[in-house]
file upload_10.cif (mmCIF, C-alpha atoms)
data_target
#
loop_
_atom_site.label_atom_id
_atom_site.label_comp_id
_atom_site.auth_asym_id
_atom_site.auth_seq_id
_atom_site.Cartn_x
_atom_site.Cartn_y
_atom_site.Cartn_z
CA MET A 265 31.01 6.88 84.43
CA ILE A 266 31.62 4.22 81.75
CA SER A 267 30.59 5.46 78.30
CA LYS A 268 28.54 3.22 76.05
CA LYS A 269 30.51 2.43 72.91
CA ASN A 270 29.01 2.17 69.45
CA LYS A 271 28.29 -1.14 67.76
CA ALA A 272 29.61 -2.19 64.37
CA ASP A 273 27.06 -2.85 61.64
CA VAL A 274 27.72 -5.71 59.21
CA LEU A 275 26.80 -5.93 55.54
CA LEU A 276 27.09 -9.27 53.76
CA GLY A 277 25.75 -11.44 50.96
CA LEU A 278 23.09 -14.07 51.60
CA GLN A 279 23.52 -16.18 48.47
CA TRP A 280 26.58 -17.42 46.53
CA GLY A 281 28.15 -13.99 46.19
CA ASP A 282 27.71 -11.36 43.48
CA GLU A 283 24.67 -9.90 45.25
CA GLY A 284 25.74 -6.28 44.74
CA LYS A 285 27.55 -5.61 48.02
CA GLY A 286 29.96 -3.06 46.54
CA LYS A 287 27.22 -0.76 45.31
CA ILE A 288 25.26 -0.90 48.57
CA VAL A 289 28.35 -0.25 50.71
CA ASP A 290 29.09 2.74 48.50
CA VAL A 291 25.51 3.98 48.97
CA LEU A 292 25.61 3.54 52.77
CA THR A 293 29.16 4.83 53.34
CA PRO A 294 28.11 8.47 53.97
CA GLU A 295 26.34 7.22 57.11
CA TYR A 296 29.59 5.72 58.49
CA ASN A 297 33.05 6.88 59.53
CA VAL A 298 34.84 3.57 58.94
CA VAL A 299 34.32 0.81 56.35
CA ALA A 300 36.25 -2.44 56.85
CA ARG A 301 36.70 -5.66 54.87
CA PHE A 302 36.84 -8.64 57.25
CA GLN A 303 37.50 -11.76 55.11
CA GLY A 304 38.25 -13.09 51.66
CA GLY A 305 40.77 -11.78 49.21
CA PRO A 306 41.09 -10.81 45.54
CA ASN A 307 38.54 -13.50 44.64
CA ALA A 308 36.03 -10.79 45.58
CA GLY A 309 34.82 -8.41 42.88
CA HIS A 310 32.76 -5.55 44.27
CA THR A 311 31.43 -3.38 41.44
CA LEU A 312 30.58 0.31 41.87
CA GLU A 313 29.11 2.64 39.25
CA PHE A 314 28.71 6.41 39.51
CA ASP A 315 29.32 9.49 37.35
CA ASN A 316 29.20 7.22 34.25
CA LYS A 317 32.23 5.28 35.46
CA LYS A 318 32.59 1.68 36.62
CA TYR A 319 35.06 0.45 39.23
CA ILE A 320 35.78 -3.10 40.43
CA LEU A 321 37.34 -3.55 43.86
CA HIS A 322 38.99 -6.81 44.88
CA THR A 323 40.70 -6.10 48.19
CA ILE A 324 40.09 -2.44 49.00
CA PRO A 325 36.84 -1.67 50.91
CA SER A 326 34.01 -0.12 48.90
CA GLY A 327 34.03 3.12 50.90
CA ILE A 328 37.30 4.26 49.34
CA PHE A 329 35.70 6.82 47.03
CA HIS A 330 34.32 8.91 49.91
CA ALA A 331 36.75 11.56 51.12
CA ASP A 332 35.59 11.67 54.73
CA ASN A 333 35.87 7.96 55.49
CA VAL A 334 38.54 5.64 56.81
CA ASN A 335 38.80 2.25 55.11
CA LEU A 336 40.37 -0.79 56.76
CA ILE A 337 41.57 -4.13 55.41
CA GLY A 338 41.17 -6.43 58.41
CA ASN A 339 43.23 -9.31 59.71
CA GLY A 340 40.80 -11.86 58.20
CA VAL A 341 41.63 -10.77 54.65
CA VAL A 342 44.35 -12.35 52.48
CA ILE A 343 46.28 -9.94 50.24
CA ASP A 344 48.16 -10.43 46.97
CA PRO A 345 50.48 -7.37 46.64
CA MET A 346 50.63 -7.71 42.86
CA ILE A 347 46.84 -7.63 42.48
CA PHE A 348 46.61 -4.92 45.16
CA ASN A 349 48.97 -2.71 43.17
CA LYS A 350 46.94 -3.21 39.98
CA GLU A 351 43.81 -2.29 41.92
CA LEU A 352 45.42 0.93 43.16
CA ILE A 353 46.03 1.95 39.57
CA SER A 354 42.57 0.95 38.34
CA ILE A 355 40.57 3.05 40.80
CA ASN A 356 42.13 6.21 39.39
CA LEU A 357 42.75 8.05 42.66
CA PRO A 358 46.10 9.65 43.58
CA LEU A 359 48.21 7.21 45.65
CA LYS A 360 48.58 9.85 48.36
CA THR A 361 44.79 10.13 48.61
CA ILE A 362 44.37 6.38 48.96
CA LYS A 363 47.08 6.22 51.64
CA ASN A 364 45.20 8.85 53.63
CA ARG A 365 41.98 6.82 53.46
CA LEU A 366 43.22 3.23 53.82
CA LEU A 367 44.63 1.29 56.77
CA ILE A 368 45.75 -2.35 56.63
CA SER A 369 46.02 -4.86 59.45
CA ARG A 370 49.56 -6.08 59.94
CA LYS A 371 48.01 -9.44 60.85
CA ALA A 372 46.44 -9.91 57.39
CA HIS A 373 48.00 -12.86 55.57
CA LEU A 374 49.88 -12.59 52.29
CA ILE A 375 49.15 -14.53 49.12
CA ILE A 376 52.53 -15.26 47.54
CA PRO A 377 53.01 -16.32 43.88
CA SER A 378 53.46 -20.00 44.73
CA HIS A 379 50.05 -19.96 46.47
CA LYS A 380 48.52 -19.27 43.03
CA LEU A 381 50.62 -21.99 41.45
CA LEU A 382 49.61 -24.48 44.13
CA ASP A 383 45.96 -23.44 43.71
CA ALA A 384 46.15 -24.34 40.01
CA ALA A 385 47.89 -27.64 40.79
CA LEU A 386 45.28 -28.66 43.35
CA GLU A 387 42.38 -27.73 41.08
CA HIS A 388 43.97 -29.59 38.16
CA SER A 389 44.43 -32.71 40.30
CA LYS A 390 40.69 -32.86 41.09
CA GLY A 391 39.76 -33.52 37.46
CA GLU A 392 35.98 -33.51 37.05
CA SER A 393 35.55 -32.86 40.78
CA LYS A 394 36.87 -29.29 40.50
CA ILE A 395 35.26 -26.85 42.94
CA GLY A 396 35.51 -23.89 40.57
CA SER A 397 38.33 -22.03 42.31
CA THR A 398 39.11 -18.51 41.05
CA LEU A 399 42.77 -19.63 41.08
CA LYS A 400 43.82 -16.54 43.02
CA GLY A 401 45.69 -18.54 45.64
CA ILE A 402 43.03 -17.89 48.29
CA GLY A 403 42.58 -21.49 49.46
CA PRO A 404 46.30 -22.28 49.81
CA ALA A 405 46.87 -18.98 51.64
CA TYR A 406 44.16 -19.79 54.19
CA THR A 407 45.51 -23.36 54.41
CA ASP A 408 48.92 -21.99 55.41
CA LYS A 409 47.26 -19.67 57.90
CA ILE A 410 45.55 -22.59 59.63
CA ALA A 411 48.70 -24.73 59.36
CA ARG A 412 50.61 -21.90 61.09
CA SER A 413 53.09 -21.56 58.26
CA GLY A 414 51.73 -18.45 56.52
CA LEU A 415 53.30 -15.02 56.08
CA ARG A 416 51.55 -11.90 57.33
CA LEU A 417 51.74 -8.30 56.24
CA GLY A 418 53.90 -7.44 59.25
CA ASN A 419 56.47 -10.00 58.10
CA LEU A 420 57.21 -7.78 55.09
CA LEU A 421 59.03 -5.37 57.41
CA GLN A 422 61.28 -8.02 58.94
CA SER A 423 64.91 -8.25 57.83
CA ASP A 424 64.70 -11.97 57.06
CA PHE A 425 61.48 -11.78 55.02
CA ARG A 426 63.15 -13.02 51.82
CA GLU A 427 64.38 -16.10 53.65
CA GLN A 428 60.90 -16.79 55.09
CA TYR A 429 59.42 -16.27 51.62
CA ALA A 430 61.91 -18.66 49.97
CA ILE A 431 61.20 -21.45 52.47
CA LEU A 432 57.43 -21.20 51.98
CA THR A 433 57.76 -20.98 48.19
CA GLU A 434 59.89 -24.11 48.00
CA SER A 435 57.38 -26.07 50.09
CA HIS A 436 54.60 -25.05 47.67
CA LEU A 437 56.65 -26.01 44.61
CA HIS A 438 57.40 -29.38 46.18
CA LYS A 439 53.68 -30.04 46.78
CA ALA A 440 52.74 -28.97 43.24
CA ARG A 441 55.36 -31.24 41.70
CA ALA A 442 54.18 -34.13 43.85
CA LEU A 443 50.75 -33.66 42.23
CA GLY A 444 52.36 -34.09 38.82
CA PHE A 445 52.05 -30.38 37.98
CA ASP A 446 54.60 -28.81 35.63
CA THR A 447 55.81 -25.85 37.69
CA ASP A 448 58.36 -24.75 35.08
CA THR A 449 55.94 -23.87 32.28
CA VAL A 450 52.86 -22.71 34.22
CA LYS A 451 51.62 -19.16 33.60
CA LEU A 452 50.12 -16.98 36.34
CA ASP A 453 47.75 -14.41 34.85
CA GLY A 454 49.67 -14.76 31.59
CA LEU A 455 53.08 -14.32 33.23
CA THR A 456 55.83 -16.82 33.92
CA PHE A 457 56.42 -17.57 37.58
CA ASN A 458 59.54 -15.38 37.65
CA GLU A 459 57.75 -12.50 35.93
CA TYR A 460 54.86 -12.71 38.37
CA GLU A 461 57.25 -12.92 41.30
CA LYS A 462 59.03 -9.74 40.16
CA LYS A 463 55.74 -7.83 39.97
CA TRP A 464 54.72 -9.32 43.32
CA PHE A 465 57.75 -7.82 45.06
CA GLU A 466 57.14 -4.49 43.32
CA GLY A 467 53.63 -4.56 44.74
CA ALA A 468 54.99 -5.52 48.15
CA GLU A 469 57.14 -2.37 48.20
CA ILE A 470 54.03 -0.27 47.50
CA LEU A 471 52.06 -2.17 50.14
CA LYS A 472 54.73 -1.42 52.75
CA GLN A 473 54.07 2.30 52.28
CA PHE A 474 50.51 2.03 53.66
CA PRO A 475 49.75 2.57 57.36
CA MET A 476 49.75 -0.79 59.15
CA VAL A 477 47.67 -1.18 62.29
CA ASP A 478 46.59 -3.79 64.80
CA SER A 479 43.05 -3.88 63.46
CA GLU A 480 41.52 -5.22 66.67
CA LEU A 481 42.83 -2.21 68.60
CA PHE A 482 41.87 0.25 65.89
CA VAL A 483 38.34 -1.16 65.56
CA ASN A 484 37.54 -1.16 69.26
CA ASN A 485 39.10 2.26 69.85
CA ALA A 486 37.02 3.63 66.97
CA LEU A 487 33.82 2.26 68.52
CA ASN A 488 34.82 3.57 71.95
CA ASP A 489 35.34 7.00 70.38
CA GLY A 490 31.79 6.93 69.02
CA LEU A 491 32.64 6.39 65.37
CA LYS A 492 30.09 4.67 63.13
CA PHE A 493 31.50 1.44 61.72
CA LEU A 494 30.46 -0.79 58.81
CA ALA A 495 32.00 -4.24 58.26
CA GLU A 496 31.90 -5.29 54.59
CA GLY A 497 31.72 -8.97 53.75
CA ALA A 498 32.88 -10.67 50.56
CA GLN A 499 31.45 -13.68 48.68
CA GLY A 500 28.16 -14.94 50.19
CA SER A 501 26.78 -16.88 53.13
CA LEU A 502 26.15 -20.02 51.06
CA LEU A 503 29.90 -20.09 50.35
CA ASP A 504 30.85 -20.04 54.04
CA ILE A 505 33.51 -22.64 54.90
CA ASP A 506 31.35 -24.07 57.73
CA PHE A 507 27.76 -23.41 56.68
CA GLY A 508 27.93 -23.17 52.89
CA SER A 509 27.43 -25.87 50.25
CA TYR A 510 30.60 -27.73 51.26
CA PRO A 511 32.97 -28.60 49.65
CA PHE A 512 31.97 -26.10 46.96
CA VAL A 513 32.69 -23.14 49.21
CA THR A 514 35.28 -20.45 49.80
CA SER A 515 38.03 -20.71 52.42
CA SER A 516 36.80 -18.18 54.98
CA ASN A 517 33.81 -17.46 57.21
CA THR A 518 31.60 -15.24 55.09
CA ILE A 519 28.85 -14.93 57.72
CA ALA A 520 28.41 -12.24 60.37
CA ALA A 521 30.50 -14.21 62.87
CA GLY A 522 33.42 -13.78 60.47
CA ALA A 523 33.39 -10.05 61.22
CA CYS A 524 34.29 -10.88 64.82
CA THR A 525 37.32 -13.01 63.98
CA GLY A 526 38.24 -11.00 60.89
CA LEU A 527 38.39 -7.67 62.69
CA GLY A 528 38.73 -8.42 66.40
CA LEU A 529 35.15 -7.56 67.32
CA ALA A 530 33.37 -9.05 70.33
CA PRO A 531 29.99 -10.64 69.41
CA SER A 532 28.32 -8.09 71.69
CA SER A 533 29.77 -5.33 69.50
CA ILE A 534 27.73 -6.31 66.44
CA GLY A 535 24.81 -3.98 65.74
CA LYS A 536 22.67 -4.12 62.59
CA VAL A 537 23.20 -6.94 60.12
CA TYR A 538 22.33 -6.01 56.55
CA GLY A 539 21.74 -9.05 54.33
CA ILE A 540 21.89 -8.56 50.56
CA PHE A 541 20.21 -10.85 48.07
CA LYS A 542 19.29 -10.77 44.40
CA ALA A 543 15.69 -11.01 43.23
CA TYR A 544 16.84 -14.28 41.66
CA CYS A 545 19.93 -16.49 42.19
CA THR A 546 23.32 -16.84 40.53
CA ARG A 547 26.37 -18.97 41.15
CA VAL A 548 29.89 -19.10 39.70
CA GLY A 549 31.78 -22.38 39.52
CA SER A 550 30.70 -25.84 40.62
CA GLY A 551 28.33 -26.85 43.40
CA PRO A 552 24.63 -27.44 44.13
CA PHE A 553 22.09 -25.01 42.71
CA PRO A 554 18.57 -26.49 42.95
CA THR A 555 16.83 -23.63 41.13
CA GLU A 556 19.32 -23.35 38.26
CA LEU A 557 17.71 -22.71 34.88
CA PHE A 558 18.93 -24.20 31.62
CA ASP A 559 16.16 -22.74 29.44
CA GLU A 560 15.46 -19.39 27.83
CA ASN A 561 14.58 -17.86 31.21
CA GLY A 562 18.11 -18.60 32.46
CA HIS A 563 19.54 -17.00 29.33
CA ILE A 564 17.39 -13.89 29.86
CA LEU A 565 18.50 -13.54 33.48
CA ARG A 566 22.16 -13.82 32.45
CA LYS A 567 21.79 -11.31 29.62
CA GLU A 568 19.64 -8.73 31.43
CA GLY A 569 21.63 -9.04 34.65
CA ASN A 570 25.01 -8.97 32.87
CA GLU A 571 25.84 -12.05 34.87
CA PHE A 572 29.52 -12.50 34.22
CA GLY A 573 32.05 -12.66 37.05
CA SER A 574 33.64 -9.27 37.82
CA THR A 575 36.83 -11.06 38.92
CA THR A 576 36.98 -14.03 36.53
CA GLY A 577 34.72 -12.97 33.65
CA ARG A 578 33.08 -16.40 33.79
CA PRO A 579 29.37 -16.57 32.89
CA ARG A 580 27.32 -17.08 36.03
CA ARG A 581 24.81 -19.88 36.42
CA CYS A 582 21.35 -18.33 36.83
CA GLY A 583 18.11 -19.49 38.43
CA TRP A 584 15.03 -18.46 40.39
CA LEU A 585 15.19 -17.20 43.96
CA ASP A 586 15.66 -19.96 46.55
CA LEU A 587 13.66 -18.90 49.61
CA PRO A 588 14.54 -21.81 51.96
CA ALA A 589 18.23 -21.05 51.32
CA LEU A 590 17.62 -17.33 51.87
CA ARG A 591 15.84 -17.98 55.17
CA TYR A 592 18.74 -20.22 56.24
CA SER A 593 21.21 -17.38 55.57
CA VAL A 594 19.01 -14.93 57.45
CA MET A 595 19.01 -17.29 60.43
CA ILE A 596 22.74 -17.97 60.70
CA ASN A 597 23.59 -14.28 60.27
CA GLY A 598 20.94 -12.80 62.53
CA VAL A 599 19.94 -10.47 59.71
CA THR A 600 18.04 -7.43 60.91
CA SER A 601 17.42 -5.80 57.53
CA LEU A 602 17.18 -7.18 53.99
CA ILE A 603 18.48 -5.43 50.87
CA MET A 604 17.08 -6.67 47.56
CA THR A 605 19.12 -6.05 44.41
CA LYS A 606 18.77 -6.48 40.65
CA VAL A 607 14.98 -6.24 40.81
CA ASP A 608 15.07 -4.57 37.39
CA VAL A 609 16.36 -7.78 35.79
CA LEU A 610 12.85 -9.25 36.22
CA ASN A 611 11.17 -6.28 34.48
CA GLY A 612 10.42 -8.15 31.26
CA PHE A 613 8.85 -11.31 32.69
CA ASP A 614 5.10 -11.90 32.43
CA GLU A 615 5.55 -14.26 35.35
CA PHE A 616 8.44 -15.82 37.23
CA ASN A 617 9.03 -18.36 39.99
CA ALA A 618 10.57 -18.62 43.44
CA CYS A 619 11.43 -21.84 45.26
CA ILE A 620 9.48 -22.23 48.51
CA ALA A 621 10.43 -25.84 49.43
CA TYR A 622 12.26 -28.93 48.16
CA ILE A 623 11.13 -32.43 47.30
CA TYR A 624 13.71 -34.67 48.96
CA LYS A 625 13.68 -38.43 49.49
CA GLY A 626 10.00 -38.66 48.70
CA GLY A 627 8.87 -35.86 51.01
CA GLU A 628 8.67 -32.08 51.08
CA ILE A 629 11.10 -30.07 53.23
CA ASP A 630 11.63 -26.33 53.66
CA TYR A 631 15.23 -26.36 54.85
CA ILE A 632 18.68 -27.13 53.42
CA PRO A 633 19.59 -30.78 54.11
CA PHE A 634 23.13 -32.02 54.78
CA GLU A 635 23.18 -33.67 51.34
CA TYR A 636 22.45 -30.37 49.60
CA ASP A 637 24.26 -31.51 46.46
CA SER A 638 22.03 -34.56 46.07
CA GLU A 639 20.35 -34.99 42.69
CA GLU A 640 17.24 -36.03 44.64
CA ILE A 641 16.57 -32.41 45.65
CA LYS A 642 13.93 -30.83 43.43
CA PRO A 643 12.55 -27.31 43.95
CA VAL A 644 8.89 -26.62 44.70
CA TYR A 645 7.94 -23.37 42.98
CA LYS A 646 5.44 -20.61 43.57
CA THR A 647 4.61 -18.49 40.52
CA PHE A 648 4.46 -14.69 40.77
CA LYS A 649 3.03 -12.19 38.28
CA GLY A 650 5.52 -9.83 36.69
CA TRP A 651 5.16 -6.06 36.55
CA LYS A 652 6.23 -5.66 32.89
CA ALA A 653 7.50 -2.13 33.42
CA SER A 654 10.75 -0.22 33.75
CA LEU A 655 11.56 0.86 37.30
CA GLU A 656 13.63 3.89 36.29
CA LYS A 657 10.85 6.41 36.96
CA PHE A 658 10.16 5.19 40.51
CA GLU A 659 11.79 7.03 43.39
CA LYS A 660 9.51 6.05 46.28
CA TYR A 661 8.87 2.55 47.56
CA ASP A 662 5.09 2.89 47.88
CA GLU A 663 4.78 3.94 44.23
CA LEU A 664 6.27 0.70 42.88
CA PRO A 665 4.06 -1.72 40.87
CA GLN A 666 1.75 -3.72 43.12
CA THR A 667 2.95 -7.06 41.76
CA LEU A 668 6.52 -6.17 42.79
CA LEU A 669 5.31 -5.10 46.22
CA ASP A 670 3.48 -8.43 46.51
CA TYR A 671 6.70 -10.31 45.69
CA ILE A 672 8.63 -8.36 48.30
CA LYS A 673 5.90 -8.90 50.91
CA TYR A 674 6.01 -12.67 50.31
CA ILE A 675 9.78 -12.69 50.80
CA GLU A 676 9.46 -10.67 54.00
CA ASP A 677 6.82 -13.03 55.38
CA PHE A 678 8.86 -16.11 54.42
CA THR A 679 12.10 -14.89 56.01
CA GLY A 680 10.61 -12.88 58.88
CA VAL A 681 12.73 -9.83 58.03
CA LYS A 682 11.74 -6.59 56.27
CA VAL A 683 13.31 -5.30 53.07
CA SER A 684 14.72 -1.82 53.75
CA ILE A 685 16.56 -1.04 50.51
CA LEU A 686 15.78 -1.87 46.89
CA SER A 687 18.35 -1.64 44.10
CA THR A 688 16.82 -1.07 40.67
CA GLY A 689 20.02 -0.65 38.64
CA PRO A 690 23.83 -0.64 38.86
CA ASP A 691 24.34 3.07 39.47
CA ARG A 692 24.42 4.35 43.06
CA SER A 693 21.50 6.66 42.16
CA GLU A 694 19.27 3.68 41.28
CA THR A 695 18.44 2.88 44.88
CA ILE A 696 15.10 3.11 46.69
CA MET A 697 15.04 3.39 50.49
CA LYS A 698 11.97 1.95 52.17
#

call {"tool": "encode", "arguments": {"input": "upload_10.cif", "output": "structure tokens"}}
result
Amino acid sequence: MISKKNKADVLLGLQWGDEGKGKIVDVLTPEYNVVARFQGGPNAGHTLEFDNKKYILHTIPSGIFHADNVNLIGNGVVIDPMIFNKELISINLPLKTIKNRLLISRKAHLIIPSHKLLDAALEHSKGESKIGSTLKGIGPAYTDKIARSGLRLGNLLQSDFREQYAILTESHLHKARALGFDTDTVKLDGLTFNEYEKKWFEGAEILKQFPMVDSELFVNNALNDGLKFLAEGAQGSLLDIDFGSYPFVTSSNTIAAGACTGLGLAPSSIGKVYGIFKAYCTRVGSGPFPTELFDENGHILRKEGNEFGSTTGRPRRCGWLDLPALRYSVMINGVTSLIMTKVDVLNGFDEFNACIAYIYKGGEIDYIPFEYDSEEIKPVYKTFKGWKASLEKFEKYDELPQTLLDYIKYIEDFTGVKVSILSTGPDRSETIMK
């Protein structure tokens, strides 16, 4: 008799990233045996808070703090060994403990120092048309992957790795110089190129000590063995390379389909899809943002939400919730359950808005058009009453202020999907299950 294998659940962001994925993965991890990152790289910044401590993860999955779980960095992720090594130190767990909890796909691609240099050169060459890159070398690393010239984790173990590395590095330096970029004086995270390169190879030696696996085999064997599996996305759906606000997007598929290619999952192996969104919207870097606020309300959202990039430290652009964009993300991901975060940031508002449509080319539409970055797009707002109360004392969903429940109900009706989890603060304890 053929046994029925488990399905992998997926958790991802539905906006432009920074929705609070790290915290929610941490909260849900006890329900799973395996937590796996499937795309992105150290441009991600997943923040977790518990026991009065704060941790920021860039490459390592957010289930790492749970002793009974296996964490996997999938083949769709790009890894910078130098940043990875710094992350190992920052999470304050014994290296032996982390090695026992973390597996890495040997097919994951490497970000080498010249990828970061080339990233800076390309961004500099765009002038005022900059896309707002985090300058972590993510884009050039994915470019090399698609161009079939990249280096993978498994290459680290090959005897001629240094030769492969040197060839790729020289090609990057040549491209950067052709763009008029001064490669001799550039600093990478405050270090000269040679200093960064030295630390990179030190990190690579640490990275080589971790168990390397063929993630597609590990993932499917785990599901066949009945293990419960959670795929953790990075960035957000509106930054997807195909379906985001192109060209102001990231370099990977941030949507649920990315879990298939980033881990080796068949589409039929996807189970629940958890979609996370903030009660309002934020964005880092350039790109369209129809509901962006430039007034006092935007300042309040940034201050109360501590809206500064966990990876870059850059202040985030803030605005009201964009419901047509949220419904679009729900559609392309097949979201089965919504998770609403940072509800507490709206505590002090007498009233607030949410976008329910756009005025575009003289008419009203309720979908994202191809020319999403057009200045012609103007939001149509619906005003909601605030609850003017702290949410700290609430532990049950039904006890929440009625005006908040009304806001949630409107979102559910608009998107066609129920909200199952509510985050009312940064700590893992500040979570209400519906």

call {"tool": "atom_distance", "arguments": {"input": "upload_10.cif", "atom1": "CA of Asn349 (chain A)", "atom2": "CA of Ala300 (chain A)"}}
result
18.7 Å

call {"tool": "resolve_selection", "arguments": {"input": "upload_10.cif", "expression": "the PyMOL selection byres ((chain A and resi 580-585) around 8)", "output": "CSV table (one decimal) with C-alpha atoms, in the frame of the given file"}}
result
chain,number,residue,atom,x,y,z
A,542,LYS,CA,19.3,-10.8,44.4
A,543,ALA,CA,15.7,-11.0,43.2
A,544,TYR,CA,16.8,-14.3,41.7
A,545,CYS,CA,19.9,-16.5,42.2
A,546,THR,CA,23.3,-16.8,40.5
A,547,ARG,CA,26.4,-19.0,41.2
A,548,VAL,CA,29.9,-19.1,39.7
A,549,GLY,CA,31.8,-22.4,39.5
A,555,THR,CA,16.8,-23.6,41.1
A,556,GLU,CA,19.3,-23.4,38.3
A,557,LEU,CA,17.7,-22.7,34.9
A,562,GLY,CA,18.1,-18.6,32.5
A,563,HIS,CA,19.5,-17.0,29.3
A,565,LEU,CA,18.5,-13.5,33.5
A,566,ARG,CA,22.2,-13.8,32.4
A,571,GLU,CA,25.8,-12.0,34.9
A,572,PHE,CA,29.5,-12.5,34.2
A,573,GLY,CA,32.0,-12.7,37.0
A,578,ARG,CA,33.1,-16.4,33.8
A,579,PRO,CA,29.4,-16.6,32.9
A,586,ASP,CA,15.7,-20.0,46.6
A,587,LEU,CA,13.7,-18.9,49.6
A,616,PHE,CA,8.4,-15.8,37.2
A,617,ASN,CA,9.0,-18.4,40.0
A,618,ALA,CA,10.6,-18.6,43.4
A,619,CYS,CA,11.4,-21.8,45.3

call {"tool": "residues_around", "arguments": {"input": "upload_10.cif", "residues": "region 307-316 of chain A", "least_positions_apart": "2", "cutoff": "8 Å", "atoms": "all atoms listed in the file", "output": "NGL selection string"}}
result
:A and (282 or 284-287 or 290 or 304-305 or 318-323 or 326 or 398 or 400 or 402 or 498-499 or 573-575 or 690-693)

call {"tool": "resolve_selection", "arguments": {"input": "upload_10.cif", "expression": "the PyMOL selection byres ((chain A and resi 295) around 12)", "output": "number ranges by chain"}}
result
A: 273, 288-294, 296-299, 327, 330, 332-333, 491-494

call {"tool": "atom_distance", "arguments": {"input": "upload_10.cif", "atom1": "CA of Asp408 (chain A)", "atom2": "CA of Tyr460 (chain A)"}}
result
20.3 Å
